[in-house]
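A.B. asks: Below is the file data21.cif, with mmCIF, C-alpha atoms.
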data_model
loop_
_atom_site.label_atom_id
_atom_site.label_comp_id
_atom_site.auth_asym_id
_atom_site.auth_seq_id
_atom_site.Cartn_x
_atom_site.Cartn_y
_atom_site.Cartn_z
CA VAL A 1 32.15 2.23 2.85
CA LEU A 2 33.88 -1.08 3.52
CA VAL A 3 30.54 -2.84 4.01
CA VAL A 4 29.18 -1.44 0.73
CA GLU A 5 32.35 -2.44 -1.11
CA ARG A 6 32.02 -6.00 0.15
CA TRP A 7 28.26 -6.56 -0.16
CA VAL A 8 27.46 -4.38 -3.19
CA LEU A 9 30.44 -3.50 -5.38
CA ALA A 10 32.21 -6.82 -4.97
CA ARG A 11 29.07 -8.67 -6.11
CA LEU A 12 29.01 -6.59 -9.30
CA ARG A 13 32.65 -6.94 -10.29
CA HIS A 14 31.99 -9.62 -12.93
CA GLN A 15 28.90 -8.00 -14.42
CA ARG A 16 28.66 -5.58 -17.35
CA PHE A 17 25.98 -2.89 -17.67
CA PHE A 18 24.96 -0.96 -20.75
CA SER A 19 22.95 1.88 -19.19
CA ILE A 20 22.76 3.87 -15.97
CA ASN A 21 19.16 2.80 -15.46
CA GLU A 22 20.12 -0.87 -15.64
CA LEU A 23 22.92 -0.36 -13.10
CA ASN A 24 20.66 1.62 -10.77
CA ARG A 25 18.04 -1.13 -10.73
CA VAL A 26 20.62 -3.70 -9.63
CA LEU A 27 22.13 -1.35 -7.06
CA ARG A 28 18.69 -0.67 -5.59
CA ASP A 29 18.05 -4.38 -5.08
CA LEU A 30 21.48 -4.96 -3.51
CA LEU A 31 21.09 -1.97 -1.15
CA THR A 32 17.67 -3.23 -0.05
CA ASP A 33 19.20 -6.62 0.67
CA LEU A 34 22.12 -5.06 2.59
CA ASN A 35 19.90 -2.81 4.73
CA ALA A 36 17.65 -5.76 5.59
CA ARG A 37 20.58 -8.00 6.62
CA PRO A 38 20.35 -8.66 10.41
CA PHE A 39 23.02 -7.23 12.70
CA LYS A 40 25.35 -9.84 14.20
CA LYS A 41 25.57 -8.40 17.72
CA LEU A 42 22.54 -6.09 17.89
CA PRO A 43 18.81 -6.61 17.37
CA GLY A 44 17.28 -5.57 14.07
CA CYS A 45 18.99 -4.38 10.88
CA ARG A 46 20.09 -1.15 9.25
CA ALA A 47 16.64 -0.43 7.89
CA SER A 48 14.94 -0.89 11.28
CA ALA A 49 17.62 1.15 13.07
CA PHE A 50 17.11 4.00 10.60
CA ALA A 51 13.32 3.88 11.03
CA GLU A 52 13.64 3.88 14.84
CA MET A 53 16.40 6.45 15.46
CA ASP A 54 17.19 8.58 12.39
CA GLN A 55 13.93 8.98 10.50
CA PRO A 56 12.01 10.64 13.41
CA ALA A 57 14.77 13.24 13.73
CA LEU A 58 14.77 14.20 10.04
CA ARG A 59 13.68 17.72 9.11
CA PRO A 60 12.13 18.93 5.85
CA LEU A 61 14.55 19.88 3.10
CA PRO A 62 15.14 23.62 2.55
CA GLU A 63 12.79 25.29 0.10
CA LYS A 64 15.77 26.28 -2.05
CA ALA A 65 18.53 23.89 -3.05
CA TYR A 66 22.02 24.60 -1.70
CA GLU A 67 23.99 26.83 -4.04
CA TYR A 68 27.75 26.46 -4.08
CA ALA A 69 29.62 29.74 -3.59
CA GLU A 70 33.24 30.87 -3.69
CA TRP A 71 34.65 33.72 -1.59
CA LYS A 72 37.66 35.88 -2.29
CA LEU A 73 39.26 39.11 -1.11
CA ALA A 74 39.42 41.89 -3.68
CA ARG A 75 40.20 45.58 -3.85
CA VAL A 76 37.80 48.02 -5.50
CA GLY A 77 39.41 49.92 -8.36
CA ILE A 78 39.59 53.68 -8.64
CA ASP A 79 36.69 53.34 -11.11
CA TYR A 80 34.53 51.83 -8.28
CA HIS A 81 34.43 48.42 -10.00
CA VAL A 82 35.63 45.03 -8.74
CA ASP A 83 37.37 42.57 -11.05
CA VAL A 84 35.75 39.12 -10.81
CA GLY A 85 37.01 36.67 -13.39
CA GLY A 86 37.86 39.43 -15.85
CA HIS A 87 34.42 41.07 -15.63
CA TYR A 88 33.96 44.32 -13.69
CA TYR A 89 31.10 44.87 -11.23
CA SER A 90 30.23 48.22 -9.66
CA VAL A 91 29.94 49.14 -5.99
CA PRO A 92 28.96 52.53 -4.51
CA CYS A 93 31.65 54.98 -5.61
CA GLN A 94 32.58 55.97 -2.03
CA PHE A 95 34.12 52.50 -1.58
CA ALA A 96 36.71 52.98 -4.34
CA ARG A 97 40.12 51.54 -3.33
CA GLN A 98 38.57 49.67 -0.37
CA GLN A 99 39.19 45.99 0.32
CA VAL A 100 36.02 43.90 0.03
CA ASP A 101 34.80 40.30 0.18
CA VAL A 102 33.29 38.89 -3.01
CA ARG A 103 30.86 35.96 -2.99
CA THR A 104 30.40 34.30 -6.37
CA THR A 105 27.88 31.65 -7.37
CA ALA A 106 26.83 30.33 -10.76
CA THR A 107 24.16 33.04 -10.97
CA THR A 108 25.15 35.90 -8.63
CA VAL A 109 28.09 38.10 -7.64
CA GLU A 110 27.78 39.82 -4.25
CA VAL A 111 30.23 42.33 -2.76
CA PHE A 112 30.55 42.83 1.02
CA HIS A 113 32.44 45.38 3.09
CA ARG A 114 32.95 44.44 6.76
CA GLY A 115 29.93 42.16 6.66
CA THR A 116 27.61 44.65 4.93
CA ARG A 117 26.50 43.85 1.41
CA LEU A 118 27.35 46.69 -0.96
CA ALA A 119 26.10 45.26 -4.24
CA SER A 120 24.51 42.25 -5.89
CA HIS A 121 24.85 41.58 -9.62
CA VAL A 122 23.86 38.87 -12.06
CA HIS A 123 26.96 36.79 -12.77
CA CYS A 124 28.35 37.60 -16.21
CA THR A 125 31.13 35.63 -17.92
CA PHE A 126 32.02 38.20 -20.62
CA LYS A 127 35.60 39.28 -19.91
CA GLY A 128 36.52 42.92 -20.26
CA ARG A 129 32.90 44.07 -19.89
CA HIS A 130 31.34 46.12 -17.10
CA THR A 131 28.14 45.69 -15.09
CA THR A 132 27.21 49.02 -13.51
CA ILE A 133 24.30 50.14 -11.34
CA ASP A 134 23.45 53.82 -11.94
CA ALA A 135 23.09 54.51 -8.21
CA HIS A 136 26.74 53.52 -7.71
CA MET A 137 28.00 56.27 -10.01
CA PRO A 138 29.39 59.59 -8.83
CA PRO A 139 27.10 62.54 -9.66
CA ALA A 140 29.29 63.51 -12.62
CA HIS A 141 28.71 60.08 -14.18
CA ARG A 142 25.00 59.89 -13.38
CA ALA A 143 24.54 63.18 -15.25
CA VAL A 144 25.21 61.32 -18.48
CA ALA A 145 23.60 58.03 -17.51
CA GLY A 146 21.08 58.36 -20.34
CA VAL A 147 23.89 58.36 -22.92
CA THR A 148 25.23 55.15 -24.45
CA ALA A 149 28.40 54.39 -26.35
CA GLU A 150 26.31 53.61 -29.44
CA THR A 151 24.60 57.03 -29.45
CA LEU A 152 28.01 58.72 -29.16
CA ARG A 153 29.40 56.68 -32.04
CA SER A 154 26.35 57.45 -34.15
CA GLN A 155 26.67 61.20 -33.57
CA ALA A 156 30.39 61.07 -34.33
CA THR A 157 29.80 59.13 -37.57
CA ALA A 158 27.38 61.82 -38.72
CA ILE A 159 30.16 64.42 -38.35
CA GLY A 160 32.95 62.53 -40.08
CA PRO A 161 35.21 59.44 -40.06
CA ARG A 162 38.05 61.02 -38.06
CA THR A 163 35.63 62.27 -35.41
CA GLU A 164 34.28 58.73 -35.18
CA VAL A 165 37.80 57.36 -34.69
CA LEU A 166 38.59 59.92 -32.00
CA ILE A 167 35.38 59.18 -30.08
CA GLU A 168 36.10 55.45 -30.32
CA ARG A 169 39.58 55.98 -28.90
CA LEU A 170 38.22 58.12 -26.09
CA LEU A 171 35.81 55.34 -25.14
CA HIS A 172 38.65 52.82 -25.00
CA GLN A 173 41.00 55.01 -22.98
CA ARG A 174 39.16 54.19 -19.76
CA ARG A 175 38.54 50.82 -18.17
CA HIS A 176 34.90 51.86 -17.78
CA PRO A 177 33.58 53.52 -20.99
CA GLN A 178 31.08 55.65 -19.05
CA GLN A 179 33.97 57.52 -17.52
CA ALA A 180 34.73 58.85 -21.00
CA PHE A 181 31.16 59.89 -21.82
CA ARG A 182 31.59 63.46 -20.58
CA SER A 183 34.73 63.92 -22.69
CA CYS A 184 32.96 62.48 -25.73
CA LEU A 185 29.97 64.76 -25.25
CA GLY A 186 32.31 67.71 -24.85
CA VAL A 187 34.03 66.92 -28.16
CA LEU A 188 30.72 66.54 -29.98
CA ARG A 189 29.43 69.84 -28.60
CA LEU A 190 32.45 71.56 -30.13
CA GLY A 191 30.77 70.88 -33.48
CA GLN A 192 27.91 73.14 -32.42
CA GLU A 193 30.30 75.88 -31.35
CA PHE A 194 32.81 75.77 -34.21
CA GLY A 195 30.98 73.85 -36.93
CA THR A 196 31.17 70.17 -37.85
CA ALA A 197 33.66 70.73 -40.69
CA ARG A 198 36.15 72.41 -38.37
CA LEU A 199 35.63 69.71 -35.73
CA GLU A 200 36.40 66.98 -38.27
CA ALA A 201 39.59 68.83 -39.29
CA ALA A 202 40.56 69.28 -35.63
CA CYS A 203 40.13 65.54 -35.05
CA VAL A 204 42.43 64.85 -38.01
CA ARG A 205 45.15 66.96 -36.37
CA ALA A 206 44.53 65.55 -32.89
CA LEU A 207 44.82 61.96 -34.13
CA LYS A 208 47.94 62.77 -36.12
CA HIS A 209 49.67 64.04 -32.98
CA ASN A 210 48.07 61.40 -30.70
CA ALA A 211 46.40 64.18 -28.68
CA VAL A 212 43.14 62.35 -28.01
CA SER A 213 41.27 64.46 -25.46
CA TRP A 214 38.61 67.13 -25.30
CA LYS A 215 41.20 69.65 -24.11
CA SER A 216 43.44 69.02 -27.13
CA VAL A 217 40.62 69.23 -29.68
CA HIS A 218 39.29 72.41 -28.05
CA SER A 219 42.77 73.96 -28.10
CA ILE A 220 43.18 73.13 -31.80
CA LEU A 221 39.87 74.81 -32.62
CA LYS A 222 40.47 77.78 -30.34
CA HIS A 223 43.84 78.58 -31.96
CA GLY A 224 42.67 77.84 -35.51
CA LEU A 225 45.12 74.99 -36.03
CA ASP A 226 42.37 72.96 -37.70
CA GLN A 227 42.27 75.53 -40.51
CA GLN A 228 45.88 74.71 -41.34
CA VAL A 229 44.78 71.16 -42.03
CA GLN A 230 41.92 72.37 -44.24
CA ALA A 231 44.29 74.68 -46.15
CA ALA A 232 46.75 71.84 -46.69
CA ASP A 233 43.96 69.65 -48.05
CA GLN A 234 42.90 72.37 -50.47
CA ARG A 235 46.47 72.72 -51.76
CA VAL A 236 46.65 68.99 -52.36
CA LEU A 237 43.38 69.15 -54.30
#
Rewrite the structure of this file - the entire thing - as structure tokens.

C.D. replies:
Amino acid sequence: VLVVERWVLARLRHQRFFSINELNRVLRDLLTDLNARPFKKLPGCRASAFAEMDQPALRPLPEKAYEYAEWKLARVGIDYHVDVGGHYYSVPCQFARQQVDVRTTATTVEVFHRGTRLASHVHCTFKGRHTTIDAHMPPAHRAVAGVTAETLRSQATAIGPRTEVLIERLLHQRRHPQQAFRSCLGVLRLGQEFGTARLEAACVRALKHNAVSWKSVHSILKHGLDQQVQAADQRVL
């Protein structure tokens, strides 16, 4: 470094450059001159020493460029997801609550447990979102893997605005929306059993009392409490 400062940088200290290409051209000439400068106490120069000793020992570059990675310790949540920068990545559900090693690069997130890789995901920067592999889900979650939050919202909207609100709140009760899919499906199926009008009225009562669950809505319908809401509406009309 000292030699380069003296024979390259110091020689440029009074010059001004207006582009990187211009600077690089001058640097290239100065480095060639420096490497060709004869040693004072040894035969040859830096260029000849490199060609004689270093160059024959060089190996080909790796096929893939080095990718910088960061490691950290993390604990898998009860929902079998790991928090990495505010985004949640799944691991096999049997490793819930386990401590794991997370390797993060610009493109990939990998999760290891005692040296064994559990999962590999595409790196996602959206905070509060989840990346889930179906095979990581418990059987109860895989049973509804074909359902999406959008299909649930669409079905709820077709029943009524309060049903839509209740389904939306169910989806946001859990850190991972898929964990609420079974509850949402259960609520929507109550419309087949009791009728969509009664289900909408039951959702009105459930939301009023902040009883947002399948069990609460089912109890309202089972005991006819939704009909009290319908009767009150008729009196107002």

A.B. asks: Evaluated on this file, the PyMOL selection byres ((chain A and resi 22-35) around 10) picks out some residues - which ones are they, written as an mmCIF file with C-alpha atoms, keeping the file's coordinate frame?

C.D. replies:
data_model
loop_
_atom_site.group_PDB
_atom_site.id
_atom_site.type_symbol
_atom_site.label_atom_id
_atom_site.label_comp_id
_atom_site.auth_asym_id
_atom_site.auth_seq_id
_atom_site.Cartn_x
_atom_site.Cartn_y
_atom_site.Cartn_z
ATOM 1 C CA VAL A 3 30.540 -2.840 4.010
ATOM 2 C CA VAL A 4 29.180 -1.440 0.730
ATOM 3 C CA TRP A 7 28.260 -6.560 -0.160
ATOM 4 C CA VAL A 8 27.460 -4.380 -3.190
ATOM 5 C CA LEU A 9 30.440 -3.500 -5.380
ATOM 6 C CA ARG A 11 29.070 -8.670 -6.110
ATOM 7 C CA LEU A 12 29.010 -6.590 -9.300
ATOM 8 C CA GLN A 15 28.900 -8.000 -14.420
ATOM 9 C CA ARG A 16 28.660 -5.580 -17.350
ATOM 10 C CA PHE A 17 25.980 -2.890 -17.670
ATOM 11 C CA PHE A 18 24.960 -0.960 -20.750
ATOM 12 C CA SER A 19 22.950 1.880 -19.190
ATOM 13 C CA ILE A 20 22.760 3.870 -15.970
ATOM 14 C CA ASN A 21 19.160 2.800 -15.460
ATOM 15 C CA ALA A 36 17.650 -5.760 5.590
ATOM 16 C CA ARG A 37 20.580 -8.000 6.620
ATOM 17 C CA PRO A 38 20.350 -8.660 10.410
ATOM 18 C CA PHE A 39 23.020 -7.230 12.700
ATOM 19 C CA CYS A 45 18.990 -4.380 10.880
ATOM 20 C CA ARG A 46 20.090 -1.150 9.250
ATOM 21 C CA ALA A 47 16.640 -0.430 7.890
ATOM 22 C CA SER A 48 14.940 -0.890 11.280
ATOM 23 C CA ALA A 49 17.620 1.150 13.070
ATOM 24 C CA PHE A 50 17.110 4.000 10.600
#

A.B. asks: Suppose you want the space between CA of Val82 (chain A) and CA of His141 (chain A); what is it in Å?

C.D. replies: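 We find that CA of Val82 (chain A) and CA of His141 (chain A) lie 17.4 Å from each other.
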
A.B. asks: Go through A:Thr163, A:Gln98, A:Gln173, A:Ser90 one by one, measure the shortest atom-to-atom distance of each to Arg75 (chain A) using all atoms listed in the file, and give the residue with the smallest value.

C.D. replies: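 The answer is A:Gln98, which sits nearest to Arg75 (chain A).
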
A.B. asks: Write out as a ChimeraX atom specification which residues come within 6 Å of Val204 (chain A) when counting all atoms listed in the file, dropping same-chain ones fewer than 3 positions away.

C.D. replies: /A:162,201,207

A.B. asks: What is the distance between CA of His87 (chain A) and CA of Thr116 (chain A), in Å to one decimal?

C.D. replies: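 Between these atoms lies a distance of 22.0 Å.
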
A.B. asks: Nearest to Thr148 (chain A) among A:Arg169, A:His218, A:Arg182, A:His136, with distances taken over only C-alpha atoms: which residue is it?

C.D. replies: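 Between A:Arg169, A:His218, A:Arg182, A:His136, the residue approaching Thr148 (chain A) most closely is A:Arg182.
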
A.B. asks: Could you expand the PyMOL selection byres ((chain A and resi 80) around 7) into the explicit residues it covers here, written as number ranges by chain?

C.D. replies: A: 76-79, 81-82, 90-93, 95-96

A.B. asks: From the options A:Leu42, A:Ala202, A:Leu118, A:Ala106, which residue's atoms come nearest to Tyr68 (chain A), counting all atoms listed in the file?

C.D. replies: A:Ala106

A.B. asks: Do you have the CA of Trp71 (chain A)-CA of Gly128 (chain A) distance handy?

C.D. replies: 20.9 Å

A.B. asks: Residues picked by the PyMOL selection byres ((chain A and resi 72) around 6) here, as number ranges by chain?

C.D. replies: A: 71, 73, 101-102

A.B. asks: Just checking: using only C-alpha atoms, which residue out of A:His113, A:Leu166, A:Ala51, A:Glu193 ends up closest to Lys208 (chain A)?

C.D. replies: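 Of A:His113, A:Leu166, A:Ala51, A:Glu193, the one nearest Lys208 (chain A) is A:Leu166, counting only C-alpha atoms.
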
A.B. asks: Box time for region 4-13 of chain A: axis-aligned, enclosing all its listed atoms, 4 Å extra on each side; report centre and edge lengths in Å to one decimal, as lines of an AutoDock Vina configuration file.

C.D. replies:
center_x = 30.1
center_y = -5.1
center_z = -4.8
size_x = 13.2
size_y = 15.2
size_z = 19.0

A.B. asks: Could you pull the residues within 7 Å of Ala69 (chain A), counting all atoms listed in the file, minus those fewer than 6 positions along the same chain, as an mmCIF file with C-alpha atoms, in the coordinates of the input?

C.D. replies:
data_model
loop_
_atom_site.group_PDB
_atom_site.id
_atom_site.type_symbol
_atom_site.label_atom_id
_atom_site.label_comp_id
_atom_site.auth_asym_id
_atom_site.auth_seq_id
_atom_site.Cartn_x
_atom_site.Cartn_y
_atom_site.Cartn_z
ATOM 1 C CA ARG A 103 30.860 35.960 -2.990
ATOM 2 C CA THR A 104 30.400 34.300 -6.370
ATOM 3 C CA THR A 105 27.880 31.650 -7.370
#

A.B. asks: Need to verify the contact set: Arg175 (chain A), 9 Å, all atoms listed in the file, exclusion of same-chain residues closer than 2 positions in sequence. Can you return it as a ChimeraX atom specification?

C.D. replies: /A:79,128-130,171-173,177-179

A.B. asks: With all atoms listed in the file as the basis for distance, which of A:Gly146, A:Lys222, A:Thr107, A:Pro56 is at the shortest distance from Ser120 (chain A)?

C.D. replies: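 Using all atoms listed in the file, Ser120 (chain A) sits closest to A:Thr107.
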
A.B. asks: Choose the residue, out of A:Cys124, A:Leu185, A:Ile220, A:Val165, that has the smallest atom-to-atom separation from Gly86 (chain A); count all atoms listed in the file.

C.D. replies: A:Cys124

A.B. asks: For Thr151 (chain A), please output as a ChimeraX atom specification all residues within 12 Å (counting only C-alpha atoms; exclusion window: fewer than 3 positions along the same chain).

C.D. replies: /A:144,146-148,154-158,164,167-168,181,184-185,188
